[in-house]
Amino acid sequence: PPTKKRRKKTFPNINELLAEAEAAKQIQLEKDKRDAYETSVPEEVKASYVALDCEMVGVGADGKQSALARVSITAWNDEIILDTFVQVPDRVTDFRTHVSGVRAKDIKFTNHNAMELHACRKKVGEILKNKILVGHSLKNDFAALMLDHPKSQIRDTARYKPFMRASGRNGGKLRPRKLRDLVKENLDLIIQKEGAEHTSVEDAQATLKLYKCVREKWEKELEKESASKHKGYK
């Protein structure tokens, strides 16, 4: 009988192993650097920040119009300040469950754990008052909440230029990137797994973590812009 060919043993490529080890080392160094910086931030400063994320469902004939269905607000230390489903007064034509994680039972008027829309808006407004608000593509959340917030107190990671990507020929217009990609790239964290439902608590917490890793630089840029504007007024 013919002799069976032995499978050639494969060994890991030493260069690949070294590259992986170096990448892991850099990730740990960045984490240690972030942890050290966070420790230096005064408690009263930490208390001035909150993160917001909302989940929406579709209303209207085609389900493309968004209605507020869940609101999550978290603190600097990941503490959940508010997490509630919201009763939707209009007929829902698309629950967007594969993304929103929202089901019919969550937002029924018979569900006492779901807040009435106006009561929710009032509660959110009270929490956000005098706070620096961190979020990703906050204009969508504001539209669903029918609320606004002072521009000087908004930190939108979708609009922070170093987090944006140039599109079109010769760079072109800067466009927002997905939160999932930014969190993976900057924090080596995985959120919004492919095919899995989103959770607004996790997204809010991740957005604040993302902001923290650039907070020092971002705030210095804002201070510089503010000083430049005041100089121009004199």
# chains A, B, ... in the order shown; residues from 1 in each chain; ligands from 1
>>> select_by_dssp(residues="stretch 53-104 of chain A", states="strand (DSSP E)", output="list in words")
Asp53, Cys54, Glu55, Met56, Val57, Gly58, Val59, Gln65, Ser66, Ala67, Leu68, Ala69, Arg70, Val71, Ser72, Ile73, Thr74, Ala75, Ile80, Ile81, Leu82, Asp83, Thr84, Phe85, Val86, Val92, Thr93 and Asp94 of chain A
>>> residues_around(residues="stretch 28-43 of chain A", least_positions_apart="6", cutoff="12 Å", atoms="only C-alpha atoms", output="JSON, numbers by chain")
{"A": [21, 22, 49, 75, 76, 77, 185, 186, 187, 188, 189, 209, 210, 211, 212, 213, 214, 215, 216, 217]}
>>> write_last_selection(atoms="N, CA, C and O atoms", output="CSV table (one decimal), in the first residue's frame")
chain,number,residue,atom,x,y,z
A,21,ALA,N,3.6,40.6,19.8
A,21,ALA,CA,4.0,41.0,21.2
A,21,ALA,C,4.2,42.5,21.3
A,21,ALA,O,3.9,43.1,22.4
A,22,GLU,N,4.8,43.1,20.3
A,22,GLU,CA,5.0,44.5,20.3
A,22,GLU,C,3.7,45.3,20.3
A,22,GLU,O,3.5,46.3,21.0
A,49,TYR,N,-19.2,65.4,33.8
A,49,TYR,CA,-19.4,64.7,32.6
A,49,TYR,C,-20.5,63.6,32.6
A,49,TYR,O,-20.6,62.9,33.6
A,75,ALA,N,-22.2,57.8,33.7
A,75,ALA,CA,-21.3,58.7,34.3
A,75,ALA,C,-19.9,58.4,33.9
A,75,ALA,O,-19.6,57.3,33.3
A,76,TRP,N,-18.9,59.2,34.4
A,76,TRP,CA,-17.5,59.0,34.1
A,76,TRP,C,-17.0,57.6,34.4
A,76,TRP,O,-16.2,57.0,33.7
A,77,ASN,N,-17.5,57.1,35.6
A,77,ASN,CA,-17.0,55.8,36.1
A,77,ASN,C,-17.9,54.6,35.6
A,77,ASN,O,-17.8,53.5,36.2
A,185,GLU,N,-10.2,50.6,17.4
A,185,GLU,CA,-8.9,51.2,17.0
A,185,GLU,C,-8.2,51.9,18.1
A,185,GLU,O,-7.0,51.8,18.3
A,186,ASN,N,-8.9,52.6,19.0
A,186,ASN,CA,-8.3,53.4,20.0
A,186,ASN,C,-8.2,52.8,21.4
A,186,ASN,O,-7.4,53.1,22.2
A,187,LEU,N,-9.2,51.9,21.6
A,187,LEU,CA,-9.2,51.3,23.0
A,187,LEU,C,-9.1,49.8,23.0
A,187,LEU,O,-9.0,49.1,24.0
A,188,ASP,N,-9.1,49.2,21.8
A,188,ASP,CA,-9.0,47.7,21.6
A,188,ASP,C,-10.2,47.0,22.3
A,188,ASP,O,-10.0,46.0,22.9
A,189,LEU,N,-11.3,47.7,22.2
A,189,LEU,CA,-12.6,47.1,22.8
A,189,LEU,C,-13.5,46.8,21.7
A,189,LEU,O,-13.5,47.4,20.6
A,209,LYS,N,-15.4,56.5,27.2
A,209,LYS,CA,-14.1,56.0,27.3
A,209,LYS,C,-13.2,56.5,26.1
A,209,LYS,O,-12.1,56.8,26.3
A,210,LEU,N,-13.9,56.6,24.9
A,210,LEU,CA,-13.2,57.1,23.7
A,210,LEU,C,-12.8,58.6,23.9
A,210,LEU,O,-11.7,59.0,23.6
A,211,TYR,N,-13.7,59.3,24.5
A,211,TYR,CA,-13.4,60.8,24.8
A,211,TYR,C,-12.3,60.9,25.8
A,211,TYR,O,-11.4,61.7,25.6
A,212,LYS,N,-12.3,60.1,26.8
A,212,LYS,CA,-11.2,60.2,27.8
A,212,LYS,C,-9.8,60.0,27.2
A,212,LYS,O,-8.9,60.7,27.7
A,213,CYS,N,-9.7,59.2,26.2
A,213,CYS,CA,-8.3,58.9,25.7
A,213,CYS,C,-7.8,60.1,24.9
A,213,CYS,O,-6.6,60.1,24.6
A,214,VAL,N,-8.7,61.1,24.6
A,214,VAL,CA,-8.2,62.3,23.9
A,214,VAL,C,-8.6,63.6,24.6
A,214,VAL,O,-8.4,64.7,24.1
A,215,ARG,N,-9.1,63.4,25.8
A,215,ARG,CA,-9.7,64.6,26.5
A,215,ARG,C,-8.7,65.7,26.7
A,215,ARG,O,-9.0,66.9,26.4
A,216,GLU,N,-7.5,65.4,27.1
A,216,GLU,CA,-6.4,66.4,27.4
A,216,GLU,C,-6.2,67.2,26.1
A,216,GLU,O,-6.2,68.5,26.1
A,217,LYS,N,-6.0,66.5,25.0
A,217,LYS,CA,-5.7,67.2,23.7
A,217,LYS,C,-6.9,68.0,23.3
A,217,LYS,O,-6.8,69.2,22.8
>>> closest_atom_pairs(of="stretch 153-191 of chain A", to="stretch 50-60 of chain A", cutoff="12 Å", atoms="only C-alpha atoms", output="tab-separated table")
residue	atom	partner	partner_atom	distance
A:Gln153	CA	A:Val50	CA	10.5
A:Ile154	CA	A:Ala51	CA	10.0
A:Arg155	CA	A:Ala51	CA	9.3
A:Asp156	CA	A:Ala51	CA	9.9
A:Thr157	CA	A:Ala51	CA	10.9
A:Leu179	CA	A:Asp53	CA	11.5
>>> write_last_selection(atoms="C-alpha atoms", output="PDB file, in the first residue's frame")
ATOM      1  CA  GLN A 153     -20.892  71.735  26.667  1.00  0.00           C
ATOM      2  CA  ILE A 154     -21.078  69.180  23.833  1.00  0.00           C
ATOM      3  CA  ARG A 155     -18.300  66.690  23.042  1.00  0.00           C
ATOM      4  CA  ASP A 156     -19.448  64.728  20.001  1.00  0.00           C
ATOM      5  CA  THR A 157     -16.907  62.037  19.080  1.00  0.00           C
ATOM      6  CA  LEU A 179     -18.292  54.269  16.945  1.00  0.00           C
TER       7      LEU A 179
END
>>> atom_distance(atom1="atom CA of A:His98", atom2="atom CA of A:Asp78")
24.7 Å
>>> closest_residue(among="A:Gln192, A:Ser48, A:Thr10, A:Ser66", to="A:Leu145", atoms="only C-alpha atoms")
A:Ser66
>>> select_by_dssp(residues="stretch 3-223 of chain A", states="alpha helix (DSSP H)", output="VMD selection string")
chain A and resid 14 to 40 43 to 46 97 to 100 117 to 128 138 to 145 179 to 187 200 to 212 215 to 223
>>> residues_around(residues="A:Asn113", least_positions_apart="4", cutoff="10 Å", atoms="only C-alpha atoms", output="number ranges by chain")
A: 84-87, 106-109
>>> atom_distance(atom1="atom CA of A:Ile73", atom2="atom CA of A:Phe95")
21.4 Å
>>> atom_distance(atom1="atom CA of A:Ala61", atom2="atom CA of A:Ala119")
26.6 Å
>>> residues_around(residues="A:Leu147", least_positions_apart="2", cutoff="9 Å", atoms="only C-alpha atoms", output="ChimeraX atom specification")
/A:121,124-125,141-145,149
>>> decode(residues="stretch 216-227 of chain A", atoms="all heavy atoms", output="PDB file, in the first residue's frame")
ATOM      1  N   GLU A 216      -7.455  65.372  27.111  1.00  0.00           N
ATOM      2  CA  GLU A 216      -6.444  66.401  27.365  1.00  0.00           C
ATOM      3  C   GLU A 216      -6.187  67.230  26.112  1.00  0.00           C
ATOM      4  O   GLU A 216      -6.207  68.467  26.146  1.00  0.00           O
ATOM      5  CB  GLU A 216      -5.153  65.743  27.856  1.00  0.00           C
ATOM      6  CG  GLU A 216      -4.136  66.734  28.385  1.00  0.00           C
ATOM      7  CD  GLU A 216      -2.937  66.034  29.026  1.00  0.00           C
ATOM      8  OE1 GLU A 216      -2.703  64.844  28.759  1.00  0.00           O
ATOM      9  OE2 GLU A 216      -2.241  66.707  29.800  1.00  0.00           O
ATOM     10  N   LYS A 217      -5.982  66.544  24.996  1.00  0.00           N
ATOM     11  CA  LYS A 217      -5.707  67.225  23.727  1.00  0.00           C
ATOM     12  C   LYS A 217      -6.929  68.019  23.253  1.00  0.00           C
ATOM     13  O   LYS A 217      -6.814  69.172  22.823  1.00  0.00           O
ATOM     14  CB  LYS A 217      -5.302  66.185  22.670  1.00  0.00           C
ATOM     15  CG  LYS A 217      -4.945  66.785  21.328  1.00  0.00           C
ATOM     16  CD  LYS A 217      -4.627  65.689  20.319  1.00  0.00           C
ATOM     17  CE  LYS A 217      -4.383  66.277  18.934  1.00  0.00           C
ATOM     18  NZ  LYS A 217      -4.179  65.228  17.913  1.00  0.00           N
ATOM     19  N   TRP A 218      -8.104  67.397  23.325  1.00  0.00           N
ATOM     20  CA  TRP A 218      -9.343  68.014  22.864  1.00  0.00           C
ATOM     21  C   TRP A 218      -9.634  69.301  23.638  1.00  0.00           C
ATOM     22  O   TRP A 218      -9.942  70.340  23.045  1.00  0.00           O
ATOM     23  CB  TRP A 218     -10.493  67.019  23.043  1.00  0.00           C
ATOM     24  CG  TRP A 218     -11.762  67.352  22.318  1.00  0.00           C
ATOM     25  CD1 TRP A 218     -12.163  68.575  21.862  1.00  0.00           C
ATOM     26  CD2 TRP A 218     -12.811  66.442  21.952  1.00  0.00           C
ATOM     27  NE1 TRP A 218     -13.396  68.480  21.259  1.00  0.00           N
ATOM     28  CE2 TRP A 218     -13.807  67.198  21.301  1.00  0.00           C
ATOM     29  CE3 TRP A 218     -12.999  65.072  22.142  1.00  0.00           C
ATOM     30  CZ2 TRP A 218     -14.986  66.610  20.829  1.00  0.00           C
ATOM     31  CZ3 TRP A 218     -14.171  64.502  21.665  1.00  0.00           C
ATOM     32  CH2 TRP A 218     -15.146  65.243  21.007  1.00  0.00           C
ATOM     33  N   GLU A 219      -9.517  69.255  24.955  1.00  0.00           N
ATOM     34  CA  GLU A 219      -9.825  70.421  25.774  1.00  0.00           C
ATOM     35  C   GLU A 219      -8.828  71.554  25.533  1.00  0.00           C
ATOM     36  O   GLU A 219      -9.202  72.734  25.545  1.00  0.00           O
ATOM     37  CB  GLU A 219      -9.853  70.033  27.256  1.00  0.00           C
ATOM     38  CG  GLU A 219     -10.979  69.073  27.630  1.00  0.00           C
ATOM     39  CD  GLU A 219     -12.360  69.573  27.229  1.00  0.00           C
ATOM     40  OE1 GLU A 219     -12.636  70.786  27.387  1.00  0.00           O
ATOM     41  OE2 GLU A 219     -13.169  68.761  26.721  1.00  0.00           O
ATOM     42  N   LYS A 220      -7.575  71.207  25.293  1.00  0.00           N
ATOM     43  CA  LYS A 220      -6.577  72.236  24.995  1.00  0.00           C
ATOM     44  C   LYS A 220      -6.901  72.942  23.674  1.00  0.00           C
ATOM     45  O   LYS A 220      -6.742  74.154  23.545  1.00  0.00           O
ATOM     46  CB  LYS A 220      -5.172  71.615  24.935  1.00  0.00           C
ATOM     47  CG  LYS A 220      -4.564  71.367  26.305  1.00  0.00           C
ATOM     48  CD  LYS A 220      -3.180  70.739  26.209  1.00  0.00           C
ATOM     49  CE  LYS A 220      -2.586  70.494  27.599  1.00  0.00           C
ATOM     50  NZ  LYS A 220      -1.280  69.794  27.522  1.00  0.00           N
ATOM     51  N   GLU A 221      -7.373  72.150  22.695  1.00  0.00           N
ATOM     52  CA  GLU A 221      -7.759  72.715  21.398  1.00  0.00           C
ATOM     53  C   GLU A 221      -8.938  73.678  21.562  1.00  0.00           C
ATOM     54  O   GLU A 221      -8.969  74.751  20.951  1.00  0.00           O
ATOM     55  CB  GLU A 221      -8.129  71.589  20.426  1.00  0.00           C
ATOM     56  CG  GLU A 221      -6.939  70.788  19.931  1.00  0.00           C
ATOM     57  CD  GLU A 221      -7.352  69.548  19.151  1.00  0.00           C
ATOM     58  OE1 GLU A 221      -8.571  69.327  18.981  1.00  0.00           O
ATOM     59  OE2 GLU A 221      -6.460  68.795  18.719  1.00  0.00           O
ATOM     60  N   LEU A 222      -9.909  73.293  22.398  1.00  0.00           N
ATOM     61  CA  LEU A 222     -11.079  74.140  22.636  1.00  0.00           C
ATOM     62  C   LEU A 222     -10.686  75.428  23.355  1.00  0.00           C
ATOM     63  O   LEU A 222     -11.202  76.506  23.043  1.00  0.00           O
ATOM     64  CB  LEU A 222     -12.128  73.377  23.457  1.00  0.00           C
ATOM     65  CG  LEU A 222     -12.849  72.228  22.733  1.00  0.00           C
ATOM     66  CD1 LEU A 222     -13.761  71.496  23.706  1.00  0.00           C
ATOM     67  CD2 LEU A 222     -13.642  72.736  21.539  1.00  0.00           C
ATOM     68  N   GLU A 223      -9.766  75.320  24.309  1.00  0.00           N
ATOM     69  CA  GLU A 223      -9.278  76.494  25.032  1.00  0.00           C
ATOM     70  C   GLU A 223      -8.585  77.463  24.068  1.00  0.00           C
ATOM     71  O   GLU A 223      -8.768  78.681  24.150  1.00  0.00           O
ATOM     72  CB  GLU A 223      -8.300  76.074  26.131  1.00  0.00           C
ATOM     73  CG  GLU A 223      -8.961  75.477  27.368  1.00  0.00           C
ATOM     74  CD  GLU A 223      -7.946  74.960  28.369  1.00  0.00           C
ATOM     75  OE1 GLU A 223      -6.771  75.400  28.299  1.00  0.00           O
ATOM     76  OE2 GLU A 223      -8.316  74.127  29.205  1.00  0.00           O
ATOM     77  N   LYS A 224      -7.814  76.881  23.165  1.00  0.00           N
ATOM     78  CA  LYS A 224      -7.090  77.688  22.178  1.00  0.00           C
ATOM     79  C   LYS A 224      -8.064  78.410  21.247  1.00  0.00           C
ATOM     80  O   LYS A 224      -7.904  79.589  20.935  1.00  0.00           O
ATOM     81  CB  LYS A 224      -6.162  76.770  21.368  1.00  0.00           C
ATOM     82  CG  LYS A 224      -5.120  77.508  20.552  1.00  0.00           C
ATOM     83  CD  LYS A 224      -4.171  76.512  19.897  1.00  0.00           C
ATOM     84  CE  LYS A 224      -3.148  77.228  19.017  1.00  0.00           C
ATOM     85  NZ  LYS A 224      -2.235  76.268  18.346  1.00  0.00           N
ATOM     86  N   GLU A 225      -9.092  77.688  20.795  1.00  0.00           N
ATOM     87  CA  GLU A 225     -10.115  78.274  19.920  1.00  0.00           C
ATOM     88  C   GLU A 225     -10.852  79.393  20.628  1.00  0.00           C
ATOM     89  O   GLU A 225     -11.109  80.456  20.059  1.00  0.00           O
ATOM     90  CB  GLU A 225     -11.113  77.194  19.492  1.00  0.00           C
ATOM     91  CG  GLU A 225     -10.598  76.259  18.429  1.00  0.00           C
ATOM     92  CD  GLU A 225     -11.596  75.138  18.123  1.00  0.00           C
ATOM     93  OE1 GLU A 225     -12.794  75.317  18.433  1.00  0.00           O
ATOM     94  OE2 GLU A 225     -11.178  74.104  17.588  1.00  0.00           O
ATOM     95  N   SER A 226     -11.198  79.149  21.893  1.00  0.00           N
ATOM     96  CA  SER A 226     -11.930  80.150  22.679  1.00  0.00           C
ATOM     97  C   SER A 226     -11.096  81.408  22.879  1.00  0.00           C
ATOM     98  O   SER A 226     -11.599  82.529  22.724  1.00  0.00           O
ATOM     99  CB  SER A 226     -12.305  79.542  24.035  1.00  0.00           C
ATOM    100  OG  SER A 226     -12.987  80.477  24.824  1.00  0.00           O
ATOM    101  N   ALA A 227      -9.821  81.218  23.195  1.00  0.00           N
ATOM    102  CA  ALA A 227      -8.923  82.363  23.405  1.00  0.00           C
ATOM    103  C   ALA A 227      -8.754  83.154  22.114  1.00  0.00           C
ATOM    104  O   ALA A 227      -8.732  84.392  22.127  1.00  0.00           O
ATOM    105  CB  ALA A 227      -7.569  81.858  23.890  1.00  0.00           C
TER     106      ALA A 227
END
